[in-house]
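Peer 1: What follows is structure.txt, made up of compact mmCIF, C-alpha atoms and all ligand atoms:
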```txt
# COMPACT_ATOMS: atom_id res chain seq x y z
CA MET A 13 -13.69 -29.04 -16.87
CA ARG A 14 -10.21 -30.37 -17.62
CA ALA A 15 -7.47 -30.24 -15.02
CA ALA A 16 -5.65 -26.95 -15.43
CA ILE A 17 -1.97 -26.90 -16.27
CA LEU A 18 -0.43 -25.11 -13.35
CA PRO A 19 2.21 -22.40 -13.61
CA THR A 20 5.75 -23.51 -12.89
CA ASP A 21 6.60 -20.90 -10.25
CA THR A 22 5.94 -23.09 -7.28
CA MET A 23 5.00 -21.84 -3.86
CA SER A 24 6.02 -24.41 -1.30
CA ALA A 25 4.84 -24.55 2.30
CA GLU A 26 8.27 -23.21 3.24
CA ASN A 27 8.30 -19.98 1.29
CA SER A 28 4.58 -19.26 1.40
CA ARG A 29 4.67 -18.96 5.19
CA GLN A 30 6.27 -15.65 5.71
CA HIS A 31 7.27 -16.00 9.30
CA LEU A 32 8.82 -12.55 9.46
CA SER A 33 5.69 -10.64 8.44
CA PRO A 34 2.86 -10.29 10.98
CA PRO A 35 0.03 -12.79 10.53
CA VAL A 36 -2.76 -11.78 8.16
CA LEU A 37 -5.21 -13.52 10.47
CA ARG A 38 -4.78 -13.93 14.20
CA ILE A 39 -7.31 -15.87 16.26
CA LYS A 40 -6.62 -15.69 19.98
CA ALA A 41 -8.36 -17.84 22.59
CA VAL A 42 -11.71 -17.64 20.83
CA ARG A 43 -14.78 -19.16 22.39
CA LYS A 44 -18.33 -19.37 21.10
CA LEU A 45 -21.46 -20.15 23.05
CA TYR A 46 -24.83 -20.64 21.42
CA ARG A 47 -26.85 -20.06 24.58
CA GLU A 48 -25.61 -22.85 26.89
CA LEU A 49 -24.03 -24.85 24.04
CA GLU A 50 -20.27 -24.37 23.85
CA ALA A 51 -19.46 -24.72 20.15
CA ILE A 52 -15.85 -23.45 20.17
CA ARG A 53 -13.40 -23.59 23.05
CA ASN A 54 -10.09 -21.77 23.23
CA VAL A 55 -9.13 -21.75 19.56
CA SER A 56 -5.95 -19.88 18.69
CA LEU A 57 -4.45 -19.71 15.24
CA ASP A 58 -2.16 -17.51 13.16
CA VAL A 59 -2.28 -17.55 9.39
CA ALA A 60 0.52 -16.00 7.31
CA ALA A 61 0.13 -14.05 4.08
CA CYS A 62 -0.45 -16.29 1.05
CA GLU A 63 -0.77 -19.38 3.21
CA PHE A 64 -3.35 -22.05 2.34
CA VAL A 65 -4.69 -23.43 5.62
CA SER A 66 -7.42 -26.02 6.00
CA VAL A 67 -9.57 -26.57 9.05
CA LEU A 68 -10.52 -30.23 9.10
CA GLY A 69 -13.05 -31.80 11.42
CA PRO A 70 -16.19 -33.93 11.66
CA SER A 71 -19.66 -32.53 10.91
CA GLY A 72 -21.06 -30.38 13.67
CA CYS A 73 -17.71 -29.75 15.34
CA GLY A 74 -17.79 -25.98 14.84
CA LYS A 75 -15.90 -25.33 11.60
CA SER A 76 -18.54 -23.05 10.08
CA THR A 77 -18.94 -21.24 13.39
CA LEU A 78 -15.22 -20.47 13.42
CA LEU A 79 -15.20 -19.34 9.78
CA MET A 80 -18.30 -17.15 10.15
CA MET A 81 -16.73 -15.44 13.17
CA VAL A 82 -13.64 -14.69 11.07
CA ALA A 83 -15.94 -13.40 8.31
CA GLY A 84 -17.53 -11.06 10.85
CA LEU A 85 -20.94 -12.59 10.16
CA ILE A 86 -21.50 -13.89 13.70
CA ASP A 87 -20.21 -12.66 17.06
CA LYS A 88 -17.71 -14.51 19.20
CA THR A 89 -18.31 -14.94 22.93
CA ASP A 90 -14.71 -14.51 24.08
CA GLY A 91 -11.26 -13.97 22.63
CA GLU A 92 -9.89 -11.92 19.79
CA ILE A 93 -9.92 -12.11 16.01
CA LEU A 94 -7.60 -9.74 14.15
CA ILE A 95 -7.30 -9.31 10.41
CA ASN A 96 -4.20 -7.37 9.39
CA GLY A 97 -3.91 -6.27 12.99
CA THR A 98 -7.43 -4.85 13.31
CA PRO A 99 -10.21 -6.51 15.37
CA VAL A 100 -13.03 -8.02 13.33
CA THR A 101 -16.34 -6.36 14.18
CA GLY A 102 -18.24 -7.09 10.96
CA PRO A 103 -17.73 -8.07 7.30
CA ARG A 104 -14.59 -6.56 5.82
CA PRO A 105 -13.75 -5.60 2.22
CA GLU A 106 -10.43 -7.47 2.30
CA VAL A 107 -12.28 -10.74 2.94
CA GLY A 108 -14.15 -12.88 0.40
CA VAL A 109 -16.45 -15.69 1.54
CA VAL A 110 -17.54 -18.82 -0.33
CA PHE A 111 -20.35 -20.72 1.36
CA GLN A 112 -21.14 -24.42 1.20
CA GLN A 113 -24.03 -23.84 -1.19
CA PRO A 114 -23.60 -21.40 -4.06
CA VAL A 115 -25.84 -18.57 -2.86
CA LEU A 116 -26.47 -16.86 -6.19
CA LEU A 117 -29.43 -14.58 -6.66
CA PRO A 118 -31.67 -16.53 -9.07
CA TRP A 119 -33.04 -13.50 -10.93
CA ARG A 120 -29.60 -12.05 -11.69
CA THR A 121 -27.32 -13.18 -14.49
CA VAL A 122 -24.03 -14.82 -13.60
CA LEU A 123 -22.21 -11.56 -14.39
CA ASP A 124 -24.57 -9.52 -12.20
CA ASN A 125 -24.15 -12.03 -9.38
CA VAL A 126 -20.38 -11.73 -9.61
CA LEU A 127 -20.71 -7.93 -9.51
CA PHE A 128 -23.04 -7.99 -6.49
CA PRO A 129 -20.30 -7.32 -3.85
CA ILE A 130 -19.24 -4.26 -5.88
CA GLU A 131 -22.73 -2.85 -5.43
CA LEU A 132 -22.74 -3.69 -1.71
CA LEU A 133 -19.38 -1.95 -1.29
CA ARG A 134 -20.71 0.99 -3.36
CA LEU A 135 -17.83 0.76 -5.81
CA PRO A 136 -18.26 1.90 -9.43
CA ARG A 137 -19.74 -1.09 -11.25
CA ALA A 138 -18.51 -0.08 -14.71
CA LYS A 139 -14.90 -0.30 -13.52
CA TYR A 140 -15.36 -3.93 -12.48
CA VAL A 141 -17.16 -5.44 -15.46
CA GLN A 142 -13.93 -6.28 -17.25
CA ARG A 143 -12.46 -7.87 -14.13
CA ALA A 144 -15.64 -9.91 -13.66
CA MET A 145 -15.32 -11.21 -17.22
CA GLU A 146 -11.67 -12.08 -16.64
CA LEU A 147 -12.56 -14.01 -13.51
CA LEU A 148 -15.35 -15.85 -15.34
CA ALA A 149 -12.86 -16.70 -18.10
CA MET A 150 -10.40 -17.98 -15.52
CA ALA A 151 -13.18 -20.16 -14.10
CA LYS A 152 -14.06 -21.22 -17.67
CA ILE A 153 -17.65 -19.98 -17.44
CA ASP A 154 -17.36 -16.70 -19.36
CA ASP A 155 -19.65 -18.15 -22.04
CA PHE A 156 -22.35 -18.22 -19.36
CA ALA A 157 -21.93 -14.64 -18.13
CA HIS A 158 -25.36 -13.58 -19.37
CA ARG A 159 -27.21 -16.72 -18.30
CA LEU A 160 -29.20 -17.18 -15.12
CA PRO A 161 -27.85 -19.44 -12.34
CA ARG A 162 -30.46 -22.15 -13.02
CA GLN A 163 -28.99 -22.59 -16.50
CA LEU A 164 -25.65 -23.67 -14.99
CA SER A 165 -24.57 -26.97 -13.46
CA GLY A 166 -23.84 -27.16 -9.73
CA GLY A 167 -20.09 -27.05 -10.37
CA MET A 168 -20.45 -23.99 -12.61
CA ARG A 169 -22.59 -22.22 -10.01
CA GLN A 170 -19.97 -22.85 -7.35
CA ARG A 171 -17.27 -21.53 -9.70
CA ALA A 172 -19.43 -18.41 -10.21
CA SER A 173 -19.63 -18.07 -6.40
CA ILE A 174 -15.85 -18.22 -6.21
CA CYS A 175 -15.62 -15.48 -8.88
CA ARG A 176 -18.02 -13.39 -6.81
CA ALA A 177 -15.85 -13.88 -3.72
CA LEU A 178 -12.82 -12.72 -5.74
CA ILE A 179 -14.34 -9.73 -7.58
CA HIS A 180 -13.29 -7.06 -5.08
CA ASP A 181 -9.81 -8.64 -4.94
CA PRO A 182 -9.92 -9.63 -1.26
CA SER A 183 -6.56 -10.67 0.14
CA ILE A 184 -8.24 -13.34 2.29
CA LEU A 185 -10.56 -16.03 1.01
CA LEU A 186 -12.71 -17.92 3.52
CA MET A 187 -14.20 -21.10 2.07
CA ASP A 188 -16.74 -23.25 3.91
CA GLU A 189 -16.80 -26.74 2.37
CA PRO A 190 -17.19 -25.13 -1.04
CA PHE A 191 -17.00 -28.38 -3.04
CA SER A 192 -18.95 -30.69 -0.79
CA ALA A 193 -22.06 -30.73 -2.99
CA LEU A 194 -20.05 -31.79 -6.04
CA ASP A 195 -19.33 -35.27 -7.38
CA ALA A 196 -15.88 -36.66 -6.57
CA ILE A 197 -14.34 -36.05 -9.99
CA THR A 198 -15.55 -32.46 -10.30
CA ARG A 199 -14.46 -31.90 -6.74
CA ASP A 200 -10.86 -32.92 -7.41
CA GLU A 201 -10.79 -30.77 -10.54
CA MET A 202 -12.19 -27.79 -8.64
CA GLY A 203 -9.44 -28.23 -6.06
CA VAL A 204 -6.78 -27.98 -8.75
CA GLU A 205 -8.58 -24.97 -10.20
CA LEU A 206 -8.69 -23.29 -6.79
CA LEU A 207 -4.96 -23.83 -6.32
CA ARG A 208 -4.35 -22.23 -9.70
CA ILE A 209 -6.46 -19.19 -8.74
CA TRP A 210 -4.74 -19.00 -5.35
CA GLN A 211 -1.24 -19.10 -6.87
CA ALA A 212 -2.06 -16.64 -9.64
CA ASN A 213 -3.60 -14.13 -7.23
CA ARG A 214 -1.44 -14.56 -4.10
CA LYS A 215 -4.35 -14.91 -1.68
CA THR A 216 -4.49 -16.23 1.85
CA VAL A 217 -7.01 -19.08 2.00
CA ILE A 218 -8.75 -20.58 5.00
CA PHE A 219 -10.54 -23.64 3.74
CA VAL A 220 -13.00 -25.62 5.85
CA THR A 221 -13.60 -29.25 4.99
CA HIS A 222 -14.50 -32.62 6.48
CA SER A 223 -12.53 -34.41 3.74
CA ILE A 224 -9.10 -35.59 4.86
CA ARG A 225 -7.91 -36.08 1.28
CA GLU A 226 -9.10 -32.65 0.20
CA ALA A 227 -7.35 -30.96 3.14
CA ALA A 228 -4.11 -32.87 2.47
CA PHE A 229 -4.20 -32.17 -1.26
CA LEU A 230 -4.82 -28.42 -1.08
CA SER A 231 -3.07 -27.14 2.00
CA ASP A 232 0.22 -25.84 3.28
CA ARG A 233 -1.04 -26.64 6.76
CA VAL A 234 -4.00 -28.59 8.15
CA LEU A 235 -5.58 -27.89 11.53
CA VAL A 236 -7.61 -30.75 12.92
CA MET A 237 -10.58 -29.84 15.08
CA GLY A 238 -11.94 -32.27 17.64
CA ARG A 239 -15.56 -32.83 18.51
CA ARG A 240 -17.61 -30.21 20.32
CA PRO A 241 -16.64 -28.08 22.11
CA ALA A 242 -14.27 -27.69 19.20
CA THR A 243 -10.65 -26.93 19.72
CA ILE A 244 -7.62 -27.53 17.52
CA ILE A 245 -6.18 -30.90 18.46
CA GLU A 246 -3.52 -31.34 15.81
CA GLU A 247 -1.62 -29.27 13.31
CA MET A 248 0.19 -30.74 10.33
CA THR A 249 2.37 -29.13 7.69
CA ILE A 250 1.80 -30.62 4.25
CA ASP A 251 5.16 -30.47 2.55
CA LEU A 252 4.06 -31.96 -0.76
CA PRO A 253 5.60 -30.08 -3.70
CA ARG A 254 3.64 -27.46 -5.62
CA PRO A 255 2.09 -27.17 -8.07
CA ARG A 256 -0.02 -30.12 -7.04
CA HIS A 257 -1.82 -32.30 -9.51
CA ILE A 258 -4.48 -34.96 -9.17
CA ALA A 259 -2.06 -37.85 -9.82
CA MET A 260 -0.26 -36.96 -6.57
CA MET A 261 -3.22 -38.39 -4.68
CA GLU A 262 -2.02 -41.84 -5.75
CA GLU A 263 1.46 -41.32 -4.36
CA GLU A 264 2.79 -42.78 -1.12
CA GLN A 265 3.90 -39.39 0.23
CA PHE A 266 0.32 -38.11 -0.07
CA ASN A 267 -1.15 -41.19 1.54
CA GLN A 268 1.24 -40.89 4.47
CA HIS A 269 -0.20 -37.44 5.22
CA VAL A 270 -3.73 -38.78 4.87
CA ARG A 271 -3.02 -41.61 7.30
CA LYS A 272 -1.50 -39.26 9.88
CA LEU A 273 -4.48 -36.93 9.66
CA ARG A 274 -6.92 -39.84 9.95
CA LYS A 275 -5.11 -41.06 13.07
CA ALA A 276 -5.37 -37.61 14.62
CA ILE A 277 -9.10 -37.51 13.93
CA GLU A 278 -9.65 -41.02 15.26
CA ALA A 279 -7.75 -40.09 18.40
CA SER A 280 -10.17 -37.22 18.92
CA HIS A 281 -13.15 -39.60 18.99
CA VAL A 282 -12.05 -41.44 22.12
N1 LIG B 301 -27.20 -20.58 15.22
C1 LIG B 301 -26.97 -21.62 16.01
N2 LIG B 301 -27.65 -21.79 17.17
C2 LIG B 301 -27.42 -22.82 17.99
N3 LIG B 301 -26.52 -23.78 17.75
C3 LIG B 301 -25.81 -23.70 16.61
C4 LIG B 301 -25.99 -22.62 15.69
N4 LIG B 301 -25.14 -22.80 14.65
C5 LIG B 301 -24.46 -23.94 14.92
N5 LIG B 301 -24.86 -24.48 16.09
C6 LIG B 301 -24.33 -25.69 16.73
O1 LIG B 301 -22.95 -25.51 16.93
C7 LIG B 301 -22.23 -26.71 16.63
C8 LIG B 301 -21.22 -26.40 15.54
O2 LIG B 301 -21.90 -26.12 14.32
P1 LIG B 301 -21.14 -25.76 12.99
O3 LIG B 301 -20.20 -24.65 13.25
O4 LIG B 301 -22.16 -25.54 11.93
O5 LIG B 301 -20.31 -27.11 12.71
P2 LIG B 301 -19.64 -27.65 11.36
O6 LIG B 301 -19.55 -26.53 10.39
O7 LIG B 301 -18.31 -28.18 11.80
O8 LIG B 301 -20.50 -28.76 10.85
C9 LIG B 301 -23.27 -27.74 16.23
O9 LIG B 301 -23.57 -28.52 17.36
C10 LIG B 301 -24.45 -26.90 15.82
O10 LIG B 301 -25.65 -27.59 16.04
MG MG B 302 -20.33 -26.34 8.46
```
Let me see whether you can do it: turn the structure in this file into structure tokens.

Peer 2:
Amino acid sequence: MRAAILPTDTMSAENSRQHLSPPVLRIKAVRKLYRELEAIRNVSLDVAACEFVSVLGPSGCGKSTLLMMVAGLIDKTDGEILINGTPVTGPRPEVGVVFQQPVLLPWRTVLDNVLFPIELLRLPRAKYVQRAMELLAMAKIDDFAHRLPRQLSGGMRQRASICRALIHDPSILLMDEPFSALDAITRDEMGVELLRIWQANRKTVIFVTHSIREAAFLSDRVLVMGRRPATIIEEMTIDLPRPRHIAMMEEEQFNQHVRKLRKAIEASHV
């Protein structure tokens, strides 16, 4: 996959955070216990419409737990999670989720996998076939629409998973280390591709990662989580210009952000 040429209408951290509109996602004093193990402690967070926010933290700190609570896939112990002002009590149609591993159904074609949420939501499948093909074209895997997942590379499968998360046009995309199984080059290219999709479709993205560089490259804002019980220990606005391109990762401005984030994480280890 070649790096996509990004559209010129930039969306900077400044204008993508619409401070006047109510937050799309509001997490208030959330806590999560797995029996006696306290995984999440007192996490609060507001995310604005069209914002790209990363949650960065070491393995096992509670990132997936937080994301799965927002997705309505696991219960919280205490606190409140509101999406568009309504408490989350289960999976919601305005939310799309991309998991760490591409969880495609092996016996279904790529197209049928992408259309799976439409069936779950009991929407008319025929109305969504064209949109599925457009998404696959955007992800540059439309030639593989009628293939089975095993006939695709890992990167292509993850792109298919992203198409599936987008098929019902959710306004919020929750992504749990979606590129962590990919090689470094594909990973950077997928990041650029994701930013292109995000800008073209005006989504709100909450992106979980343990990669400092990935968080700094993609985000408007990075939230650093400390070790368990996880809480947010640092918040950093990434004011790099958009559209972002891979060459920016060589620039001093980018590396300054990376160093600041690394310091925050190191501080959390003591
Ligand atoms: N279903 C579960 N039951 C018990 N403990 C869990 C469960 N899921 C996660 N944990 C524990 O909660 C902590 C946070 O896990 P997780 O949210 O997966 O972290 P991360 O995604 O940051 O790697 C870890 O110590 C993990 O072992
Ligand atoms: Mg995880």

Peer 1: Give me, please, the distance in Å between atom O2 of ligand LIG 301 (chain B) and CA of Glu201 in chain A, quoted to one decimal.

Peer 2: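 A separation of 27.6 Å between them.
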
Peer 1: Using all atoms listed in the file, which protein or nucleic acid residues come within 7 Å of range 44-61 of chain A? Drop anything in the same chain fewer than 5 positions from it, and give the result as a ChimeraX atom specification.

Peer 2: /A:29-30,35-39,74,88-90,216,240-244

Peer 1: Looking at all atoms listed in the file, which of A:Met261, A:Glu246, A:Arg162, A:Ser173 is the one that sits closest to Val204 in chain A?

Peer 2: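 For Val204 in chain A, the nearest of the candidates is A:Met261.
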
Peer 1: Using all atoms listed in the file, find each protein or nucleic acid residue lying at most 10 Å from ligand MG 302 (chain B); present the set as a ChimeraX atom specification.

Peer 2: /A:69-80,111-112,188-189,220-222

Peer 1: Would you compute the box with edges along x, y and z of the file around ligand LIG 301 (chain B), including every atom the file lists for it and 5 Å extra on each side, and give its centre and edge lengths in Å to one decimal, as AutoDock Vina command-line options?

Peer 2:
```
--center_x -23.0 --center_y -24.7 --center_z 14.2 --size_x 19.3 --size_y 18.2 --size_z 17.6
```

Peer 1: Within 9 Å of range 225-228 of chain A, counting all atoms listed in the file, which residues show up once you throw out same-chain ones fewer than 5 positions away? Write them as a PyMOL selection string, please.

Peer 2: chain A and resi 65-68+199-200+203+219-220+233-234+250+252+261+266-267+269-270+273

Peer 1: With all atoms listed in the file as the basis for distance, which of A:Asp155, A:Glu262, A:Asp87, A:Glu63 is at the shortest distance from ligand LIG 301 (chain B)?

Peer 2: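 Among the listed residues, A:Asp87 lies closest to ligand LIG 301 (chain B).
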
Peer 1: So what do you get for CA of Pro118 in chain A versus CA of Arg169 in chain A, distance-wise?

Peer 2: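 CA of Pro118 in chain A sits 10.8 Å away from CA of Arg169 in chain A.
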
Peer 1: Counting only C-alpha atoms and all ligand atoms, which residue out of A:Arg208, A:His257, A:Arg239, A:His158 sits closest to ligand LIG 301 (chain B)?

Peer 2: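 Of A:Arg208, A:His257, A:Arg239, A:His158, the one nearest ligand LIG 301 (chain B) is A:Arg239, counting only C-alpha atoms and all ligand atoms.
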
Peer 1: For Phe128 in chain A, list every protein, DNA or RNA residue within 10 Å, evaluated using only C-alpha atoms, and leave out those in the same chain fewer than 2 positions away; present the list as a VMD selection string.

Peer 2: chain A and resid 116 to 117 120 122 to 126 130 to 134 137 176 to 177 179 to 180

Peer 1: Between atom P2 of ligand LIG 301 (chain B) and CA of Pro103 in chain A, what distance in Å does the model show, to one decimal?

Peer 2: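 Going from atom P2 of ligand LIG 301 (chain B) over to CA of Pro103 in chain A, I get 20.1 Å.
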
Peer 1: When you look at Gly167 in chain A with a cut-off of 9 Å (counting only C-alpha atoms), what residues show up, excluding the ones that are within fewer than 6 positions of it in the same chain? I need them as an NGL selection string.

Peer 2: :A and (191 or 193-195 or 198-199 or 202)

Peer 1: Applying 8 Å and all atoms listed in the file, which residues near Leu148 in chain A remain after dropping the ones on its own chain fewer than 5 positions away? List them as a list in words.

Peer 2: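 What passes the distance filter is Ile153, Asp154, Ala157, Ala172 and Cys175 of chain A.
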
Peer 1: Between A:Ala149, A:Leu185, A:Ile258, A:Ile277, which is the closest to Leu235 in chain A once you count only C-alpha atoms?

Peer 2: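 Closest to Leu235 in chain A of all the choices is A:Ile277.
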